[in-house]
Structure formats: structure tokens, C-alpha cells
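Working notes for the structure below.
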Amino acid sequence: MRILYVSNKPSPRGCGIAEFGRLQSEALRRAGADVTLWEASYPTYLPDDSADYDVLHLNYHPVTINHILPQHLPKGPLLSCHFHETHPHWWERGQFPVLWDAIPPRHRYSSEPGEGVVSHPIGVPDYVPLEPLVRRTGPVLIGHTGLRGDGLDRVIPVCQKRGWVLSRSEKWLPMEEEIERLARCDLIVVHYHGGYSGQSMGVTTAIASLRPVLINSNRMLHTL
């Protein structure tokens, strides 16, 4: 089976949507599929031979490949799409993305449950830290992941009060390196309070480190 996997090109600061596309396309290859990962960040559209594939899958987010419209999709391939964010307004006000009706209902996927989509939660990266954590001496080391820094205004004061050390994201690291960094921590805190829709890949990265993870009840974590 030949799959054209359409995603976006990561920015210099990194991009979780692009990273999800990379990991999922690699998983499909390991499952035996012939996958071409096509980076379609604007102004790039689909390749000239897109009609020759068996499946055309879109790794869709409104701010990444929203320029690809139904008229750009070829006839022939099975069409599928992962909608990273869904919103109640889509159903309440009929404000669906224009790609919505172009994708067969049974091939609409989303990271969060919703009407008219197949729930496909963000998976934990298939990577095991190279060395098991040995018992450390010294202050407790608290881990945090994510360049946006959501929740640090709650975490930093606690660390300062308790005399704990904070290990936070200073720059975008390859997935494997980020997991190794988190694996050296005693506890990882994922405490979002932004109101974004969609589900967090930061928390699944933290889980991959095999360390205890403390989360709150934010919308971006509710599938856990």
C-alpha cells in the first residue's frame, strides 16, 4: 500500500503537529506501508503524482496546511484526515473546515472525541530511555516540557519554596533527546491552564520518559 502522508514543515523553533506526522509516518512504515512524507507548508501544495497513491492522508491543523482545499485533492486515492483540533462551534454553528465534507466520515480522525470523527488519541512515542534512572542524591529535580511554558507560573514558585531544581525546555530538542532529559527527573509536571482545543503531545512525551507525571484537569489532557 502506497500512502502519501501530507504534513507541514517544522519551523526552526519546532512544531508538535509536524513531529506527530513524522512519528506516525514512521510507525506506518514499520507496519509495512510504503509511505511518502510530503511537507506541504504554504506555498507548497500536493505533488504532481498525488493521484497515483492508494491513500492520501492529511495531518491537518488550521494553522499548518489550511491552504489545501477540496479542489486540490486528486480523484482516486482513499482520502483520510487527522483533525488535531475540533471545536463545539463546528457542530453548534456549522463552522466546519472546508475539508470536512471532502473526507469520508469513517476516515475522519481526531485526537479528541467528537461527533463525526474516529477518536485516535495521541500515542506515547515508541522510545525507551537508554539508561534506567538511578537513585540520585541532592535536591529533587522537577521536569517540565514545552517551549510555550504553560503552567510554569505555578511550578516555579513551588520549586523555589521547596528548594527543588527545575529542568525546563530551553530549546526544541529531537524527541529522543527530550525524553532522555525528562528521564533524569524525579517528577514531571504537566499543568496547563491555556484554553486550547486539541490534545497535548507534551504529556505523552513525558509519559515516555517512564517517570511519574503529575497532570491537572485541563481540556488538553482530558483523553488521559
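FYI, nothing fancy with the C-alpha cells labels: chains A, B, ... in order, residues from 1 per chain, ligands from 1 as they appear.
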
### Within 9 Å of Gly198 (chain A) using only C-alpha atoms, minus same-chain residues under 6 positions, as a list in words
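The residues satisfying every condition are Phe83, His84, Glu85, Thr86, His87, Ser110, Ser111, Glu112, Arg219, Met220 and Leu221 of chain A.
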
### Task
Please provide the set of residues having any atom within 10 Å of region 49-56 of chain A, restricted to only C-alpha atoms, with same-chain residues fewer than 5 positions apart removed, written as JSON, numbers by chain.
{"A": [1, 2, 3, 4, 5, 6, 34, 35, 36, 72, 73, 74, 75, 76, 77, 78, 79, 80, 81]}

### Message
Taking the DSSP secondary structure from the backbone, can you list the residues of region 22-201 of chain A that are helix (DSSP H, G or I), as a VMD selection string?
### Response
chain A and resid 22 to 30 50 to 52 70 to 72 88 to 92 100 to 102 105 to 107 152 to 162 175 to 183

What's around Tyr127 (chain A) at 12 Å? Count only C-alpha atoms, leave out sequence neighbours fewer than 4 positions away in its own chain, and write the answer as an mmCIF file with all heavy atoms, in the first residue's frame.
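Okay, this is what ended up in around09.cif:
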```cif
data_model
loop_
_atom_site.group_PDB
_atom_site.id
_atom_site.type_symbol
_atom_site.label_atom_id
_atom_site.label_comp_id
_atom_site.auth_asym_id
_atom_site.auth_seq_id
_atom_site.Cartn_x
_atom_site.Cartn_y
_atom_site.Cartn_z
ATOM 1 N N LEU A 23 6.359 10.967 13.442
ATOM 2 C CA LEU A 23 6.268 9.734 14.219
ATOM 3 C C LEU A 23 5.226 8.777 13.640
ATOM 4 O O LEU A 23 5.445 7.561 13.572
ATOM 5 C CB LEU A 23 5.922 10.064 15.672
ATOM 6 C CG LEU A 23 6.989 10.814 16.467
ATOM 7 C CD1 LEU A 23 6.445 11.234 17.825
ATOM 8 C CD2 LEU A 23 8.244 9.973 16.630
ATOM 9 N N ALA A 27 5.735 5.029 12.043
ATOM 10 C CA ALA A 27 5.003 3.869 12.546
ATOM 11 C C ALA A 27 4.329 3.113 11.403
ATOM 12 O O ALA A 27 4.298 1.871 11.391
ATOM 13 C CB ALA A 27 3.968 4.314 13.575
ATOM 14 N N GLY A 123 -0.568 9.044 20.677
ATOM 15 C CA GLY A 123 0.108 7.937 21.324
ATOM 16 C C GLY A 123 1.374 8.362 22.040
ATOM 17 O O GLY A 123 1.891 9.471 21.862
ATOM 18 N N GLU A 131 19.116 4.633 29.628
ATOM 19 C CA GLU A 131 19.574 4.151 30.922
ATOM 20 C C GLU A 131 18.459 4.322 31.959
ATOM 21 O O GLU A 131 17.849 5.391 32.033
ATOM 22 C CB GLU A 131 20.809 4.927 31.384
ATOM 23 C CG GLU A 131 22.021 4.749 30.478
ATOM 24 C CD GLU A 131 23.228 5.499 30.999
ATOM 25 O OE1 GLU A 131 23.158 5.979 32.143
ATOM 26 O OE2 GLU A 131 24.224 5.597 30.260
ATOM 27 N N PRO A 174 15.274 17.128 19.541
ATOM 28 C CA PRO A 174 14.702 15.923 18.940
ATOM 29 C C PRO A 174 13.965 15.117 20.006
ATOM 30 O O PRO A 174 14.341 15.132 21.189
ATOM 31 C CB PRO A 174 15.931 15.176 18.413
ATOM 32 C CG PRO A 174 16.969 16.242 18.198
ATOM 33 C CD PRO A 174 16.724 17.259 19.281
ATOM 34 N N MET A 175 12.928 14.413 19.603
ATOM 35 C CA MET A 175 12.083 13.697 20.550
ATOM 36 C C MET A 175 12.884 12.810 21.495
ATOM 37 O O MET A 175 12.670 12.798 22.717
ATOM 38 C CB MET A 175 11.064 12.846 19.778
ATOM 39 C CG MET A 175 10.155 11.998 20.653
ATOM 40 S SD MET A 175 9.056 12.984 21.704
ATOM 41 C CE MET A 175 7.951 13.670 20.481
ATOM 42 N N GLU A 176 13.842 12.080 20.954
ATOM 43 C CA GLU A 176 14.623 11.157 21.776
ATOM 44 C C GLU A 176 15.419 11.902 22.846
ATOM 45 O O GLU A 176 15.504 11.455 23.999
ATOM 46 C CB GLU A 176 15.551 10.315 20.892
ATOM 47 C CG GLU A 176 14.833 9.383 19.918
ATOM 48 C CD GLU A 176 14.293 10.083 18.681
ATOM 49 O OE1 GLU A 176 14.568 11.307 18.523
ATOM 50 O OE2 GLU A 176 13.601 9.439 17.884
ATOM 51 N N GLU A 177 15.999 13.044 22.480
ATOM 52 C CA GLU A 177 16.781 13.823 23.450
ATOM 53 C C GLU A 177 15.885 14.421 24.534
ATOM 54 O O GLU A 177 16.269 14.501 25.708
ATOM 55 C CB GLU A 177 17.553 14.931 22.728
ATOM 56 C CG GLU A 177 18.659 14.428 21.818
ATOM 57 C CD GLU A 177 19.447 15.559 21.186
ATOM 58 O OE1 GLU A 177 19.500 16.658 21.794
ATOM 59 O OE2 GLU A 177 19.998 15.362 20.092
ATOM 60 N N GLU A 178 14.687 14.853 24.156
ATOM 61 C CA GLU A 178 13.771 15.412 25.139
ATOM 62 C C GLU A 178 13.329 14.344 26.135
ATOM 63 O O GLU A 178 13.248 14.595 27.343
ATOM 64 C CB GLU A 178 12.552 16.026 24.439
ATOM 65 C CG GLU A 178 11.539 16.671 25.358
ATOM 66 C CD GLU A 178 12.031 17.950 26.023
ATOM 67 O OE1 GLU A 178 13.204 18.337 25.825
ATOM 68 O OE2 GLU A 178 11.239 18.572 26.754
ATOM 69 N N ILE A 179 13.080 13.135 25.646
ATOM 70 C CA ILE A 179 12.696 12.044 26.542
ATOM 71 C C ILE A 179 13.845 11.714 27.487
ATOM 72 O O ILE A 179 13.633 11.477 28.689
ATOM 73 C CB ILE A 179 12.258 10.814 25.731
ATOM 74 C CG1 ILE A 179 10.947 11.118 24.985
ATOM 75 C CG2 ILE A 179 12.083 9.591 26.636
ATOM 76 C CD1 ILE A 179 10.516 10.033 24.021
ATOM 77 N N GLU A 180 15.073 11.694 26.986
ATOM 78 C CA GLU A 180 16.228 11.421 27.844
ATOM 79 C C GLU A 180 16.370 12.505 28.923
ATOM 80 O O GLU A 180 16.699 12.206 30.073
ATOM 81 C CB GLU A 180 17.507 11.335 27.009
ATOM 82 C CG GLU A 180 17.588 10.142 26.072
ATOM 83 C CD GLU A 180 17.790 8.824 26.810
ATOM 84 O OE1 GLU A 180 18.041 8.839 28.035
ATOM 85 O OE2 GLU A 180 17.677 7.771 26.163
ATOM 86 N N ALA A 183 13.797 11.863 31.511
ATOM 87 C CA ALA A 183 14.041 10.620 32.255
ATOM 88 C C ALA A 183 14.983 10.824 33.430
ATOM 89 O O ALA A 183 15.046 9.966 34.325
ATOM 90 C CB ALA A 183 14.597 9.544 31.310
ATOM 91 N N THR A 204 2.370 13.118 26.483
ATOM 92 C CA THR A 204 2.751 11.768 26.069
ATOM 93 C C THR A 204 4.265 11.639 25.963
ATOM 94 O O THR A 204 4.817 10.561 26.188
ATOM 95 C CB THR A 204 2.088 11.392 24.733
ATOM 96 O OG1 THR A 204 2.464 12.318 23.708
ATOM 97 C CG2 THR A 204 0.570 11.388 24.856
ATOM 98 N N THR A 205 4.954 12.741 25.655
ATOM 99 C CA THR A 205 6.410 12.746 25.690
ATOM 100 C C THR A 205 6.900 12.522 27.113
ATOM 101 O O THR A 205 7.846 11.759 27.351
ATOM 102 C CB THR A 205 6.955 14.079 25.147
ATOM 103 O OG1 THR A 205 6.451 14.299 23.829
ATOM 104 C CG2 THR A 205 8.478 14.084 25.119
ATOM 105 N N ALA A 206 6.238 13.175 28.073
ATOM 106 C CA ALA A 206 6.597 12.989 29.479
ATOM 107 C C ALA A 206 6.369 11.543 29.913
ATOM 108 O O ALA A 206 7.192 10.953 30.622
ATOM 109 C CB ALA A 206 5.792 13.944 30.352
ATOM 110 N N ILE A 207 5.263 10.950 29.490
ATOM 111 C CA ILE A 207 4.962 9.564 29.853
ATOM 112 C C ILE A 207 6.032 8.620 29.302
ATOM 113 O O ILE A 207 6.421 7.649 29.956
ATOM 114 C CB ILE A 207 3.561 9.179 29.342
ATOM 115 C CG1 ILE A 207 2.491 9.946 30.125
ATOM 116 C CG2 ILE A 207 3.322 7.680 29.454
ATOM 117 C CD1 ILE A 207 1.101 9.835 29.548
ATOM 118 N N ALA A 208 6.540 8.920 28.113
ATOM 119 C CA ALA A 208 7.560 8.063 27.504
ATOM 120 C C ALA A 208 8.843 8.017 28.317
ATOM 121 O O ALA A 208 9.627 7.072 28.194
ATOM 122 C CB ALA A 208 7.866 8.549 26.088
ATOM 123 N N SER A 209 9.063 9.002 29.166
ATOM 124 C CA SER A 209 10.277 9.024 29.980
ATOM 125 C C SER A 209 10.247 7.997 31.101
ATOM 126 O O SER A 209 11.269 7.762 31.756
ATOM 127 C CB SER A 209 10.473 10.419 30.584
ATOM 128 O OG SER A 209 9.533 10.662 31.614
ATOM 129 N N LEU A 210 9.075 7.408 31.352
ATOM 130 C CA LEU A 210 8.899 6.383 32.396
ATOM 131 C C LEU A 210 9.072 6.939 33.801
ATOM 132 O O LEU A 210 9.348 6.193 34.740
ATOM 133 C CB LEU A 210 9.840 5.190 32.173
ATOM 134 C CG LEU A 210 9.740 4.508 30.802
ATOM 135 C CD1 LEU A 210 10.718 3.349 30.710
ATOM 136 C CD2 LEU A 210 8.322 4.038 30.538
#
```

Excluding Trp172 (chain A) and any residue of its chain fewer than 2 positions from it, enumerate the residues within 8 Å of it, using only C-alpha atoms, and give them as a PDB file with N, CA, C and O atoms, in the first residue's frame.
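Result written to out-v5.pdb:
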```pdb
ATOM      1  N   ARG A  13      11.797  26.697  15.339  1.00  0.00           N
ATOM      2  CA  ARG A  13      11.544  26.512  16.768  1.00  0.00           C
ATOM      3  C   ARG A  13      10.868  25.181  17.073  1.00  0.00           C
ATOM      4  O   ARG A  13      10.600  24.862  18.230  1.00  0.00           O
ATOM      5  N   GLY A  14      10.586  24.395  16.029  1.00  0.00           N
ATOM      6  CA  GLY A  14       9.931  23.119  16.234  1.00  0.00           C
ATOM      7  C   GLY A  14       8.423  23.230  16.077  1.00  0.00           C
ATOM      8  O   GLY A  14       7.854  24.322  16.085  1.00  0.00           O
ATOM      9  N   LEU A 147       7.923  24.516  24.943  1.00  0.00           N
ATOM     10  CA  LEU A 147       8.522  25.846  24.803  1.00  0.00           C
ATOM     11  C   LEU A 147       7.563  26.961  25.170  1.00  0.00           C
ATOM     12  O   LEU A 147       7.984  28.073  25.488  1.00  0.00           O
ATOM     13  N   SER A 169      12.324  23.131  29.290  1.00  0.00           N
ATOM     14  CA  SER A 169      12.734  23.172  27.883  1.00  0.00           C
ATOM     15  C   SER A 169      13.358  24.523  27.575  1.00  0.00           C
ATOM     16  O   SER A 169      12.712  25.565  27.731  1.00  0.00           O
ATOM     17  N   GLU A 170      14.604  24.506  27.147  1.00  0.00           N
ATOM     18  CA  GLU A 170      15.294  25.733  26.762  1.00  0.00           C
ATOM     19  C   GLU A 170      15.253  25.953  25.256  1.00  0.00           C
ATOM     20  O   GLU A 170      15.337  27.077  24.773  1.00  0.00           O
ATOM     21  N   PRO A 174      15.274  17.128  19.541  1.00  0.00           N
ATOM     22  CA  PRO A 174      14.702  15.923  18.940  1.00  0.00           C
ATOM     23  C   PRO A 174      13.965  15.117  20.006  1.00  0.00           C
ATOM     24  O   PRO A 174      14.341  15.132  21.189  1.00  0.00           O
TER      25      PRO A 174
END
```

#### Entry: Proximity to Lys9 (chain A) - best of A:Ala40, A:Met201, A:Val98, A:Leu141, only C-alpha atoms
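Of A:Ala40, A:Met201, A:Val98, A:Leu141, the one nearest Lys9 (chain A) is A:Ala40, counting only C-alpha atoms.
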
### Residue set, region 19-108 of chain A restricted to strand (DSSP E or B), as a list in words
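DSSP on the backbone gives strand (DSSP E or B) at Asp34, Val35, Thr36, Leu37, Trp38, Glu39, Val55, Leu56, His57, Leu58, Asn59, Tyr60, Leu78, Leu79, Ser80, Cys81, His82, Phe83 and Arg108 of chain A.
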
### Query
Residues at most 12 Å from Asn218 (chain A), counting only C-alpha atoms, excluding those fewer than 5 positions away in the same chain, as a PyMOL selection string?
chain A and resi 150-151+190-200+203+223-224

### Query
Closest to Gly163 (chain A) among A:Cys185, A:His144, A:Glu39, A:Gly138, using only C-alpha atoms?
A:Gly138

### Message
Need to verify the contact set: Val140 (chain A), 12 Å, only C-alpha atoms, exclusion of same-chain residues closer than 2 positions in sequence. Can you return it as a list in words?
### Response
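Everything that qualifies: Arg135, Arg136, Thr137, Gly138, Ile142, Gly143, Val158, Cys159, Gln160, Arg162, Gly163, Trp164, Val165, Leu166, Ser167, Arg184, Cys185, Asp186, Leu187 and Ile188 of chain A.
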